[in-house]
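**Q** Coordinates in query00.cif, mmCIF, C-alpha atoms and all ligand atoms, are listed below.
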```cif
data_entry
loop_
_atom_site.label_atom_id
_atom_site.label_comp_id
_atom_site.auth_asym_id
_atom_site.auth_seq_id
_atom_site.Cartn_x
_atom_site.Cartn_y
_atom_site.Cartn_z
CA MET F 19 95.78 19.25 213.14
CA ILE F 20 92.10 18.94 214.06
CA GLY F 21 91.69 15.86 211.85
CA ALA F 22 95.18 14.48 212.40
CA THR F 23 94.93 14.52 216.19
CA ALA F 24 91.44 12.96 216.16
CA LEU F 25 92.64 10.19 213.85
CA ALA F 26 95.87 9.57 215.77
CA SER F 27 94.04 9.44 219.08
CA ALA F 28 91.54 6.88 217.74
CA LEU F 29 94.32 4.76 216.22
CA LYS F 30 96.28 4.80 219.46
CA GLN F 31 93.29 3.63 221.43
CA GLU F 32 92.71 0.78 219.07
CA SER F 33 96.37 -0.26 218.59
CA PRO F 34 98.55 1.22 221.34
CA ALA F 35 101.68 -0.60 220.11
CA ILE F 36 101.69 1.02 216.68
CA PRO F 37 104.04 4.03 216.64
CA ILE F 38 102.59 7.31 215.35
CA CYS F 39 104.73 10.00 213.75
CA PHE F 40 103.68 13.59 212.94
CA VAL F 41 105.24 15.72 210.21
CA GLY F 42 104.23 18.94 208.46
CA SER F 43 104.03 22.68 208.92
CA HIS F 44 102.48 22.76 212.37
CA THR F 45 104.83 20.06 213.63
CA SER F 46 107.80 22.03 212.29
CA ALA F 47 106.46 25.18 213.96
CA LEU F 48 105.90 23.65 217.42
CA PRO F 49 107.69 20.28 217.49
CA MET F 50 107.91 19.99 221.28
CA GLU F 51 104.23 20.81 221.77
CA VAL F 52 103.19 18.22 219.21
CA LEU F 53 105.54 15.62 220.71
CA GLN F 54 103.87 16.04 224.05
CA LEU F 55 100.51 14.92 222.72
CA PRO F 56 99.82 11.53 224.38
CA PHE F 57 99.25 9.66 221.11
CA VAL F 58 102.35 10.99 219.27
CA ASP F 59 105.55 8.90 219.43
CA PHE F 60 107.73 10.74 216.91
CA VAL F 61 107.86 14.10 215.19
CA LEU F 62 109.92 15.07 212.15
CA LEU F 63 111.26 18.54 211.57
CA ASN F 64 110.85 20.20 208.13
CA GLU F 65 109.61 17.88 205.34
CA GLY F 66 111.37 15.06 207.21
CA VAL F 67 112.37 13.00 204.19
CA TYR F 68 115.90 12.09 205.32
CA ALA F 69 114.88 11.89 208.98
CA LEU F 70 112.14 9.37 208.16
CA HIS F 71 114.51 7.39 205.98
CA ASP F 72 117.03 7.15 208.83
CA LEU F 73 114.36 6.50 211.46
CA LEU F 74 113.04 3.52 209.50
CA ARG F 75 116.52 2.00 209.56
CA THR F 76 116.24 1.65 213.34
CA ASP F 77 113.94 -0.69 215.25
CA LEU F 78 112.07 2.49 216.39
CA ARG F 79 113.25 1.89 219.96
CA SER F 80 117.04 1.89 220.20
CA GLY F 81 119.63 4.23 218.73
CA LEU F 82 117.10 7.05 218.35
CA HIS F 83 119.45 9.65 219.82
CA ALA F 84 121.60 9.35 216.67
CA VAL F 85 118.81 10.05 214.18
CA ARG F 86 118.94 13.67 213.10
CA GLY F 87 115.75 15.62 212.50
CA ILE F 88 113.46 13.62 214.77
CA GLY F 89 111.83 14.16 218.15
CA TYR F 90 110.91 11.17 220.31
CA LYS F 91 109.93 10.20 223.83
CA SER F 92 112.79 8.89 225.90
CA VAL F 93 111.78 6.64 228.77
CA ALA F 94 114.06 6.69 231.83
CA ALA F 95 114.74 3.67 234.05
CA ASP F 96 112.13 4.89 236.55
CA GLY F 97 109.56 5.05 233.75
CA ALA F 98 109.56 8.84 233.44
CA VAL F 99 108.87 10.01 229.88
CA CYS F 100 111.01 12.83 228.56
CA PRO F 101 110.49 14.41 225.10
CA VAL F 102 113.75 14.84 223.19
CA LEU F 103 114.39 16.86 220.03
CA ASN F 104 117.54 15.81 218.18
CA GLU F 105 119.80 17.98 216.08
CA PRO F 106 118.05 19.01 212.83
CA GLN F 107 118.42 17.22 209.51
CA ARG F 108 118.88 19.02 206.18
CA VAL F 109 116.07 19.54 203.69
CA VAL F 110 116.21 17.95 200.24
CA PRO F 111 118.60 20.12 198.19
CA GLN F 112 117.48 21.63 194.90
CA GLU F 113 119.61 19.25 192.82
CA ARG F 114 118.01 16.16 194.46
CA MET F 115 114.34 17.19 194.27
CA ASP F 116 113.38 14.87 191.38
CA GLU F 117 115.22 11.93 192.95
CA ASP F 118 114.54 12.27 196.69
CA LEU F 119 111.01 13.71 196.53
CA PRO F 120 109.93 11.73 193.50
CA GLY F 121 106.33 12.61 193.00
CA TYR F 122 102.96 11.37 194.11
CA ALA F 123 101.44 7.93 194.52
CA TRP F 124 98.28 8.96 192.66
CA ASP F 125 97.39 5.30 192.12
CA LEU F 126 97.25 4.66 195.88
CA LEU F 127 94.62 7.30 196.57
CA PRO F 128 91.18 5.88 197.34
CA TYR F 129 88.35 6.56 194.91
CA ARG F 130 84.67 5.76 194.46
CA SER F 131 84.20 4.92 190.79
CA ARG F 132 87.09 6.66 189.01
CA PRO F 133 90.51 7.98 190.10
CA LEU F 134 90.56 11.21 192.12
CA ASP F 135 86.76 11.38 192.36
CA LEU F 136 86.84 11.75 196.15
CA TYR F 137 88.63 15.09 195.81
CA ARG F 138 86.82 18.32 195.02
CA ALA F 139 88.06 21.49 193.39
CA HIS F 140 87.16 24.81 194.97
CA PHE F 141 83.69 25.93 194.03
CA TRP F 142 84.97 28.96 192.11
CA HIS F 143 87.71 26.96 190.35
CA ALA F 144 84.90 24.81 188.97
CA GLU F 145 83.31 28.05 187.76
CA PHE F 146 80.60 27.81 190.44
CA ASP F 147 79.33 24.60 188.90
CA HIS F 148 79.14 21.70 191.38
CA ASN F 149 79.29 19.17 188.53
CA LYS F 150 82.78 20.24 187.49
CA ARG F 151 84.40 19.78 190.91
CA THR F 152 85.59 16.17 190.56
CA PRO F 153 87.86 14.49 189.68
CA PHE F 154 90.40 16.92 191.01
CA ALA F 155 94.08 16.98 191.95
CA ALA F 156 96.50 19.45 193.50
CA ILE F 157 100.21 19.47 192.82
CA TYR F 158 103.26 21.38 194.04
CA THR F 159 105.88 22.32 191.46
CA SER F 160 108.01 24.13 194.05
CA LEU F 161 108.29 24.44 197.82
CA GLY F 162 108.64 27.63 199.82
CA CYS F 163 108.80 31.33 199.03
CA PRO F 164 111.62 33.90 199.02
CA PHE F 165 109.63 36.43 201.08
CA GLY F 166 108.95 36.53 204.80
CA CYS F 167 105.58 38.16 205.44
CA ASP F 168 104.67 38.49 209.12
CA PHE F 169 101.36 36.65 208.81
CA CYS F 170 102.70 33.66 206.85
CA MET F 171 104.16 30.37 208.10
CA ILE F 172 104.75 28.46 204.90
CA ASN F 173 108.55 28.64 205.01
CA ILE F 174 108.62 26.87 208.38
CA VAL F 175 108.65 23.62 206.42
CA ASN F 176 112.22 24.56 205.33
CA ARG F 177 113.32 24.76 208.94
CA VAL F 178 116.83 23.48 209.75
CA ASN F 179 117.29 25.13 213.13
CA ASN F 180 115.87 23.89 216.43
CA GLY F 181 115.97 27.22 218.26
CA SER F 182 112.78 28.05 220.15
CA GLU F 183 112.53 31.55 218.61
CA VAL F 184 112.82 30.38 214.99
CA ASP F 185 110.00 31.49 212.70
CA ALA F 186 109.19 30.93 209.02
CA SER F 187 110.98 34.06 207.86
CA HIS F 188 114.30 32.55 209.00
CA SER F 189 114.13 29.79 206.42
CA ARG F 190 112.75 31.53 203.37
CA GLY F 191 113.69 30.13 199.99
CA MET F 192 112.36 28.14 197.07
CA ARG F 193 113.15 24.68 195.74
CA PHE F 194 111.79 23.46 192.42
CA TRP F 195 111.17 20.18 190.69
CA SER F 196 112.27 20.09 187.06
CA ALA F 197 109.79 21.07 184.35
CA ARG F 198 110.09 17.63 182.76
CA PHE F 199 109.35 15.88 186.00
CA ILE F 200 106.24 17.95 186.78
CA ALA F 201 104.97 17.70 183.21
CA GLY F 202 105.30 13.92 183.60
CA GLU F 203 103.15 14.01 186.77
CA LEU F 204 100.57 16.15 184.99
CA GLU F 205 100.53 13.72 182.11
CA LYS F 206 99.73 10.91 184.56
CA LEU F 207 96.84 12.98 185.92
CA ALA F 208 95.52 13.59 182.41
CA GLN F 209 95.62 9.85 181.77
CA LEU F 210 93.62 9.31 184.99
CA GLY F 211 90.91 11.58 183.57
CA VAL F 212 91.62 14.66 185.69
CA GLU F 213 90.80 18.02 184.09
CA THR F 214 90.78 20.34 187.10
CA VAL F 215 94.16 20.91 188.75
CA ARG F 216 95.38 23.28 191.41
CA ILE F 217 99.02 24.34 191.32
CA SER F 218 99.51 24.67 195.05
CA ASP F 219 102.86 26.53 195.02
CA GLU F 220 102.80 29.52 197.34
CA MET F 221 104.38 31.68 194.66
CA PHE F 222 104.10 30.14 191.22
CA PHE F 223 104.14 33.39 189.25
CA LEU F 224 107.56 34.54 190.41
CA ASN F 225 110.57 32.97 188.77
CA ARG F 226 110.25 32.70 185.02
CA LYS F 227 113.31 30.44 184.86
CA TYR F 228 111.04 27.78 186.33
CA TYR F 229 107.50 28.56 185.26
CA GLU F 230 108.30 29.32 181.63
CA PRO F 231 109.77 25.89 180.68
CA LEU F 232 107.03 24.11 182.63
CA LEU F 233 104.22 26.01 180.91
CA GLN F 234 105.91 25.46 177.53
CA GLU F 235 106.12 21.75 178.29
CA ILE F 236 102.42 21.61 179.19
CA ILE F 237 101.56 23.28 175.88
CA LYS F 238 103.91 21.01 173.93
CA ARG F 239 102.35 17.88 175.44
CA ASP F 240 98.90 19.28 174.70
CA LEU F 241 97.72 18.74 178.28
CA ARG F 242 94.37 20.38 178.62
CA PHE F 243 93.53 21.32 182.18
CA ARG F 244 91.56 23.93 184.04
CA MET F 245 94.26 25.17 186.40
CA TRP F 246 94.89 27.93 188.88
CA ALA F 247 98.05 29.27 190.45
CA TYR F 248 99.18 31.83 193.00
CA ALA F 249 100.86 35.17 192.45
CA ARG F 250 101.39 38.23 194.55
CA VAL F 251 100.02 41.36 192.98
CA ASP F 252 103.56 42.72 192.57
CA THR F 253 105.01 39.56 190.96
CA VAL F 254 102.65 39.40 187.96
CA ARG F 255 104.54 40.04 184.70
CA GLU F 256 102.29 41.19 181.94
CA GLU F 257 104.32 39.61 179.11
CA TYR F 258 103.74 36.11 180.55
CA ILE F 259 100.01 36.27 181.21
CA SER F 260 99.17 34.95 177.77
CA LEU F 261 101.57 32.00 178.23
CA PHE F 262 99.78 31.13 181.49
CA ARG F 263 96.48 31.27 179.70
CA ARG F 264 97.63 29.08 176.81
CA ALA F 265 98.91 26.47 179.25
CA GLY F 266 95.43 26.23 180.80
CA ILE F 267 95.79 28.47 183.86
CA ASN F 268 92.46 30.24 183.76
CA TRP F 269 92.43 31.54 187.33
CA LEU F 270 95.13 33.54 189.03
CA ALA F 271 95.01 33.77 192.85
CA VAL F 272 96.43 37.17 193.67
CA GLY F 273 97.57 38.20 197.14
CA ILE F 274 96.45 41.81 197.54
CA GLU F 275 96.05 41.52 201.33
CA ALA F 276 95.21 45.11 202.28
CA GLY F 277 93.77 48.17 200.59
CA ASN F 278 96.05 50.48 202.53
CA GLN F 279 99.61 50.55 201.20
CA GLN F 280 101.16 51.38 204.56
CA VAL F 281 99.44 48.42 206.25
CA ARG F 282 100.53 46.13 203.42
CA ARG F 283 104.13 47.33 203.52
CA GLU F 284 104.32 46.86 207.29
CA VAL F 285 103.30 43.17 207.29
CA SER F 286 105.42 42.24 204.28
CA LYS F 287 108.54 43.81 205.80
CA GLY F 288 108.66 46.24 202.89
CA SER F 289 109.01 43.48 200.29
CA PHE F 290 105.75 44.47 198.61
CA GLN F 291 106.52 46.79 195.75
CA ASP F 292 104.10 49.63 195.21
CA VAL F 293 102.27 48.65 192.08
CA ASP F 294 99.09 49.76 190.38
CA ILE F 295 96.77 46.99 191.57
CA ARG F 296 93.89 48.15 189.40
CA ASP F 297 96.02 48.15 186.28
CA ILE F 298 97.44 44.67 186.95
CA CYS F 299 93.99 43.21 187.50
CA ARG F 300 92.80 44.87 184.29
CA ARG F 301 95.66 43.36 182.28
CA VAL F 302 95.19 39.87 183.70
CA ARG F 303 91.49 39.93 182.90
CA ALA F 304 92.10 41.37 179.44
CA GLU F 305 93.78 38.03 178.62
CA GLY F 306 90.57 36.23 179.58
CA MET F 307 91.88 35.06 182.92
CA ASN F 308 89.75 35.10 186.08
CA ILE F 309 91.09 36.50 189.33
CA ILE F 310 90.58 35.32 192.88
CA SER F 311 91.87 38.12 195.07
CA ASN F 312 92.97 37.50 198.64
CA TYR F 313 92.40 40.02 201.42
CA ILE F 314 93.21 39.93 205.12
CA PHE F 315 91.36 41.98 207.71
CA GLY F 316 92.89 42.79 211.09
CA PHE F 317 96.59 43.35 210.49
CA PRO F 318 98.23 44.92 213.57
CA ASP F 319 98.09 48.41 212.01
CA ASP F 320 94.51 48.06 210.78
CA THR F 321 91.80 50.40 212.01
CA LEU F 322 88.13 50.21 211.08
CA ASP F 323 88.92 52.83 208.42
CA THR F 324 91.79 50.89 206.81
CA MET F 325 89.71 47.69 206.84
CA GLN F 326 87.02 49.69 205.07
CA GLU F 327 89.68 50.71 202.51
CA THR F 328 90.37 47.01 201.92
CA LEU F 329 86.68 46.28 201.43
CA ASP F 330 86.25 49.31 199.16
CA LEU F 331 89.14 48.11 197.00
CA ALA F 332 87.65 44.61 196.84
CA LEU F 333 84.27 45.98 195.75
CA GLU F 334 85.90 48.25 193.18
CA LEU F 335 88.06 45.48 191.68
CA ASN F 336 85.02 43.17 191.70
CA THR F 337 87.10 40.13 190.77
CA GLU F 338 85.47 36.81 189.87
CA MET F 339 86.16 35.54 193.38
CA ALA F 340 87.53 37.00 196.61
CA ASN F 341 88.92 35.32 199.72
CA MET F 342 88.57 37.34 202.89
CA TYR F 343 90.47 36.20 205.94
CA PRO F 344 90.64 37.46 209.49
CA CYS F 345 94.31 37.85 210.46
CA GLN F 346 95.62 34.97 212.55
CA ALA F 347 98.94 34.49 214.34
CA LEU F 348 99.53 31.11 212.76
CA PRO F 349 102.10 29.02 214.65
CA GLY F 350 105.45 29.33 212.90
CA SER F 351 104.70 32.79 211.49
CA PRO F 352 106.62 35.85 212.73
CA MET F 353 103.22 37.17 213.86
CA TYR F 354 102.89 34.26 216.29
CA PHE F 355 106.03 35.36 218.12
CA ILE F 356 105.00 39.02 218.00
CA ALA F 357 101.66 38.07 219.57
CA LYS F 358 103.40 36.01 222.27
CA ARG F 359 105.82 38.82 223.05
CA LEU F 360 103.01 41.36 223.30
CA GLY F 361 100.87 39.03 225.40
CA TRP F 362 98.01 38.95 222.87
CA SER F 363 95.57 36.18 223.53
CA LEU F 364 95.94 33.19 221.19
CA PRO F 365 93.47 30.37 220.53
CA VAL F 366 93.63 27.42 222.93
CA ALA F 367 92.26 24.90 220.39
CA TYR F 368 93.41 24.26 216.82
CA SER F 369 89.94 25.20 215.62
CA GLY F 370 90.49 28.71 217.01
CA TYR F 371 92.96 29.25 214.16
CA ALA F 372 90.51 28.01 211.52
CA PHE F 373 89.18 30.92 209.50
CA PHE F 374 85.60 29.70 209.26
CA SER F 375 85.23 27.84 212.56
CA TYR F 376 82.69 28.57 215.28
CA ASP F 377 85.46 29.39 217.76
CA CYS F 378 87.64 31.29 215.25
CA GLN F 379 89.70 33.76 217.22
CA PRO F 380 91.64 36.24 215.10
CA LEU F 381 94.18 38.72 216.41
CA PRO F 382 93.12 42.08 217.72
CA THR F 383 94.85 45.04 216.07
CA LYS F 384 96.50 47.96 217.82
CA TYR F 385 93.16 49.75 217.58
CA VAL F 386 90.38 47.19 217.14
CA SER F 387 89.33 44.11 219.17
CA ALA F 388 89.40 40.55 217.80
CA ALA F 389 85.59 40.47 217.84
CA GLU F 390 85.39 43.68 215.80
CA VAL F 391 87.85 42.27 213.26
CA LEU F 392 85.79 39.10 212.90
CA ARG F 393 82.50 41.00 212.64
CA PHE F 394 83.98 43.30 210.00
CA ARG F 395 85.33 40.36 208.02
CA ASP F 396 82.04 38.45 208.05
CA GLN F 397 80.02 41.52 207.08
CA ALA F 398 82.53 42.38 204.34
CA TRP F 399 82.16 38.86 202.93
CA GLN F 400 78.37 39.15 202.91
CA ARG F 401 78.54 42.53 201.28
CA TYR F 402 80.82 41.25 198.52
CA PHE F 403 78.87 38.12 197.69
CA THR F 404 75.47 39.81 197.69
CA ASN F 405 76.68 42.84 195.77
CA PRO F 406 74.50 43.24 192.63
CA ALA F 407 77.57 44.18 190.53
CA TYR F 408 79.33 40.97 191.59
CA LEU F 409 76.30 38.76 190.97
CA ALA F 410 75.86 40.34 187.54
CA LEU F 411 79.53 39.55 186.77
CA VAL F 412 79.08 35.90 187.79
CA GLU F 413 75.96 35.60 185.65
CA ARG F 414 77.61 37.26 182.66
CA LYS F 415 80.79 35.18 182.81
CA PHE F 416 79.54 31.83 184.08
CA GLY F 417 75.75 31.70 183.70
CA GLU F 418 72.43 31.98 185.51
CA VAL F 419 72.66 28.68 187.36
CA GLN F 420 76.11 29.63 188.61
CA ARG F 421 74.77 32.94 189.89
CA ALA F 422 72.04 31.08 191.75
CA ASN F 423 74.71 28.78 193.23
CA VAL F 424 76.60 31.79 194.55
CA GLU F 425 73.40 33.25 195.99
CA ALA F 426 72.71 29.94 197.74
CA MET F 427 76.25 30.00 199.17
CA SER F 428 75.82 33.49 200.58
CA ARG F 429 72.68 32.42 202.46
CA ILE F 430 74.85 30.18 204.66
CA LYS F 431 75.70 32.27 207.70
CA LEU F 432 78.76 31.44 209.77
CA ARG F 433 78.12 31.02 213.48
CA ARG F 434 80.81 32.71 215.57
CA LYS F 435 81.26 32.20 219.29
CA LEU F 436 83.15 35.48 219.62
CA LEU F 437 80.17 37.42 218.28
CA GLU F 438 77.53 35.77 220.45
CA ALA F 439 78.67 37.27 223.74
S1 LIG C 501 102.34 35.50 202.16
FE1 LIG C 501 102.95 34.90 200.11
S2 LIG C 501 104.67 36.29 199.64
FE2 LIG C 501 104.41 36.38 201.86
S3 LIG C 501 105.82 34.83 202.66
FE3 LIG C 501 103.82 33.83 202.41
S4 LIG C 501 103.87 32.89 200.39
FE4 LIG C 501 105.54 34.39 200.48
#
```
Please express the file's structure as structure tokens.
**A**
Amino acid sequence: MIGATALASALKQESPAIPICFVGSHTSALPMEVLQLPFVDFVLLNEGVYALHDLLRTDLRSGLHAVRGIGYKSVAADGAVCPVLNEPQRVVPQERMDEDLPGYAWDLLPYRSRPLDLYRAHFWHAEFDHNKRTPFAAIYTSLGCPFGCDFCMINIVNRVNNGSEVDASHSRGMRFWSARFIAGELEKLAQLGVETVRISDEMFFLNRKYYEPLLQEIIKRDLRFRMWAYARVDTVREEYISLFRRAGINWLAVGIEAGNQQVRREVSKGSFQDVDIRDICRRVRAEGMNIISNYIFGFPDDTLDTMQETLDLALELNTEMANMYPCQALPGSPMYFIAKRLGWSLPVAYSGYAFFSYDCQPLPTKYVSAAEVLRFRDQAWQRYFTNPAYLALVERKFGEVQRANVEAMSRIKLRRKLLEA
């Protein structure tokens, strides 16, 4: 939203007559707020495919009230502007995914000297080697997730209800493209010279009915990528790890979230099964796969002690990479509505929700202030990435230069407004 609003505002100033339409997760979470931005003319709820199709059949001025799934600005005879949100439109059904969401216009993306060279893989995905980061592409093979964790807003893009209290957990569910279709997209990427690919699905390692044929297809077509995919620590199935590996998935991003089981169970509405995290990580790595573990500090039930448990677990697991987030009430997530109900202070600017921004403003917990959460998170990150055991692991697995790259990264200190007071 930071970039989108800056761009839209500049475009509107330059060409006021050109209509601007917003779509995406944030727009689906807060459609009326987005519609009220002065440079936005239309919003689309959910992925907006059918709404956009129907909107483009109008002249963008008349008959708008009949277009489902859009919001627009109605202008009364006296010139008063009134934002209107129409009845919602359906999302693309599973059986129409290949036809109605038919892939990516890779060839239309700008590039410098070869396709996809303006896009960079994550530093760790490129094995901490800056030279391996481009060309790079990211692809979704499915949309959505069957779970409804309090801190997560990804399912808001499935929204088909306009109610003001609707959050992401009300529209949980997954839709998949066919294995043949996705393998075809990957083949196009291989032909464009891409070797590093992110599978962006929120929950790739979940439903073997979908991932198994796709991974088999990748192997059959002999597509050779460096890929990574998401799993939750309790959805990893040992018998499929080797298939992942053979298909070129050499990093697994694992949502561990919290070291304390009670804290984890609370924010996942009990959907997290109690599993032996240490054992799962051991088995994944035994297959030669790297792990990027994800942790969140500052869940509502977190204390300084439970956050320390999370850090201790991270240090003990010592995975090849770790993401450490401060907990945010992202618009569209159940947590956003909990925070509003409880009167917790929320960021006033989009950048306040950004994990690494200067004005990052996480949630407080029941026991700890937002500033303490942020301080703990930043110190935990420093501790992890300067830990001699971690640096030794990076050097052993990736090399000396890569270790030096990580050390250079950890010398960059984040400036935080909340911690300056
Ligand atoms: S955090 Fe992960 S498991 Fe939970 S709802 Fe989001 S994508 Fe699904």
**Q** Please list as a ChimeraX atom specification every residue within 8 Å of segment 171-180 of chain F, counting all atoms listed in the file and excluding residues in the same chain fewer than 4 positions away.
**A** /F:42-43,46-47,63-65,105-109,162-163,166,184-191,220,348-352
**Q** With C-alpha atoms retained, write the just-selected residues as a tab-separated table (two decimals), in the coordinates of the input.
**A**
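Result written to out-v6.tsv:
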```tsv
chain	number	residue	atom	x	y	z
F	42	GLY	CA	104.23	18.94	208.46
F	43	SER	CA	104.03	22.68	208.92
F	46	SER	CA	107.80	22.03	212.29
F	47	ALA	CA	106.46	25.18	213.96
F	63	LEU	CA	111.26	18.54	211.57
F	64	ASN	CA	110.85	20.20	208.13
F	65	GLU	CA	109.61	17.88	205.34
F	105	GLU	CA	119.80	17.98	216.08
F	106	PRO	CA	118.05	19.01	212.83
F	107	GLN	CA	118.42	17.22	209.51
F	108	ARG	CA	118.88	19.02	206.18
F	109	VAL	CA	116.07	19.54	203.69
F	162	GLY	CA	108.64	27.63	199.82
F	163	CYS	CA	108.80	31.33	199.03
F	166	GLY	CA	108.95	36.53	204.80
F	184	VAL	CA	112.82	30.38	214.99
F	185	ASP	CA	110.00	31.49	212.70
F	186	ALA	CA	109.19	30.93	209.02
F	187	SER	CA	110.98	34.06	207.86
F	188	HIS	CA	114.30	32.55	209.00
F	189	SER	CA	114.13	29.79	206.42
F	190	ARG	CA	112.75	31.53	203.37
F	191	GLY	CA	113.69	30.13	199.99
F	220	GLU	CA	102.80	29.52	197.34
F	348	LEU	CA	99.53	31.11	212.76
F	349	PRO	CA	102.10	29.02	214.65
F	350	GLY	CA	105.45	29.33	212.90
F	351	SER	CA	104.70	32.79	211.49
F	352	PRO	CA	106.62	35.85	212.73
```
**Q** Within 9 Å of Asp252 of chain F, counting only C-alpha atoms, which residues qualify if same-chain residues fewer than 3 places away don't, as a tab-separated table (two decimals) with C-alpha atoms, keeping the file's coordinate frame?
**A**
```tsv
chain	number	residue	atom	x	y	z
F	249	ALA	CA	100.86	35.17	192.45
F	255	ARG	CA	104.54	40.04	184.70
F	273	GLY	CA	97.57	38.20	197.14
F	274	ILE	CA	96.45	41.81	197.54
F	290	PHE	CA	105.75	44.47	198.61
F	291	GLN	CA	106.52	46.79	195.75
F	292	ASP	CA	104.10	49.63	195.21
F	293	VAL	CA	102.27	48.65	192.08
F	294	ASP	CA	99.09	49.76	190.38
F	295	ILE	CA	96.77	46.99	191.57
F	298	ILE	CA	97.44	44.67	186.95
```
**Q** Using only C-alpha atoms, can you list as a tab-separated table (two decimals) with C-alpha atoms, keeping the file's coordinate frame the residues within 8 Å of (96.7, 16.3, 219.0)?
**A**
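out_11.tsv was written with the following content:
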```
chain	number	residue	atom	x	y	z
F	19	MET	CA	95.78	19.25	213.14
F	20	ILE	CA	92.10	18.94	214.06
F	22	ALA	CA	95.18	14.48	212.40
F	23	THR	CA	94.93	14.52	216.19
F	24	ALA	CA	91.44	12.96	216.16
F	26	ALA	CA	95.87	9.57	215.77
F	27	SER	CA	94.04	9.44	219.08
F	52	VAL	CA	103.19	18.22	219.21
F	55	LEU	CA	100.51	14.92	222.72
F	56	PRO	CA	99.82	11.53	224.38
F	57	PHE	CA	99.25	9.66	221.11
F	58	VAL	CA	102.35	10.99	219.27
```
**Q** What does the distance from atom CA of Trp269 of chain F to atom CA of Ala156 of chain F come to in Å, to one decimal?
**A**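 Atom CA of Trp269 of chain F sits 14.2 Å away from atom CA of Ala156 of chain F.
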**Q** Identify which of the residues F:Glu113, F:Asp168, F:Asp240, F:Glu334 lies closest to ligand LIG 501 (chain C), counting only C-alpha atoms and all ligand atoms when measuring atom-to-atom distances.
**A**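 Of F:Glu113, F:Asp168, F:Asp240, F:Glu334, the one nearest ligand LIG 501 (chain C), counting only C-alpha atoms and all ligand atoms, is F:Asp168.
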**Q** Under the rule that only C-alpha atoms and all ligand atoms are counted, which of F:Pro164, F:Gly361, F:Gly266, F:Pro34 is the nearest residue to ligand LIG 501 (chain C)?
**A**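 So, comparing all the options, the nearest one is F:Pro164.
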**Q** Please measure the separation of atom CA of Arg86 of chain F and atom CA of Tyr368 of chain F, giving the value in Å to one decimal.
**A**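 Distance reported for this atom pair: 27.9 Å.
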**Q** Give the answer as one residue: which of F:Ala276, F:Thr152, F:Tyr122, F:Tyr376 has the shortest atom-to-atom distance to ligand LIG 501 (chain C), using only C-alpha atoms and all ligand atoms?
**A**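 Closest candidate: F:Ala276.
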**Q** Quick one, how far is atom CA of Ile157 of chain F from atom CA of Phe141 of chain F?
**A**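 A separation of 17.8 Å between them.
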**Q** Would you kindly return, as a PyMOL selection string, each protein, DNA or RNA residue with an atom no farther than 9 Å from any atom of Arg239 of chain F, considering only C-alpha atoms and excluding same-chain residues fewer than 4 positions away?
**A** chain F and resi 201+205+234-235
**Q** Which polymer residues have any atom within 12 Å of an atom of Phe199 of chain F, counting all atoms listed in the file, with same-chain residues fewer than 3 positions away left out, as an MDAnalysis selection string?
**A** chainID F and resid 115:117 119:122 157:160 194:196 202:206 231:232 235:236
**Q** I need the residue nearest ligand LIG 501 (chain C) from this list: F:Phe40, F:Tyr408, F:Phe223, F:Phe146. Use only C-alpha atoms and all ligand atoms for the distance.
**A**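 That would be F:Phe223, the residue with the smallest distance to ligand LIG 501 (chain C).
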**Q** Write out as JSON, numbers by chain the residues lying within 12 Å of Arg244 of chain F, counting all atoms listed in the file and excluding same-chain residues fewer than 5 positions away.
**A** {"F": [139, 140, 142, 143, 144, 145, 150, 151, 152, 153, 154, 155, 156, 204, 208, 212, 213, 214, 215, 216, 217, 262, 263, 264, 265, 266, 267, 268, 269, 270, 307, 308]}
**Q** Choose the residue, out of F:Arg296, F:Arg250, F:Arg301, F:Arg282, that has the smallest atom-to-atom separation from ligand LIG 501 (chain C); count only C-alpha atoms and all ligand atoms.
**A** F:Arg250
**Q** Which is closest to ligand LIG 501 (chain C) among F:Glu275, F:Asp320, F:Glu413, F:Glu305, if we use only C-alpha atoms and all ligand atoms?
**A**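 Going through F:Glu275, F:Asp320, F:Glu413, F:Glu305 one by one, the smallest distance to ligand LIG 501 (chain C) is for F:Glu275.
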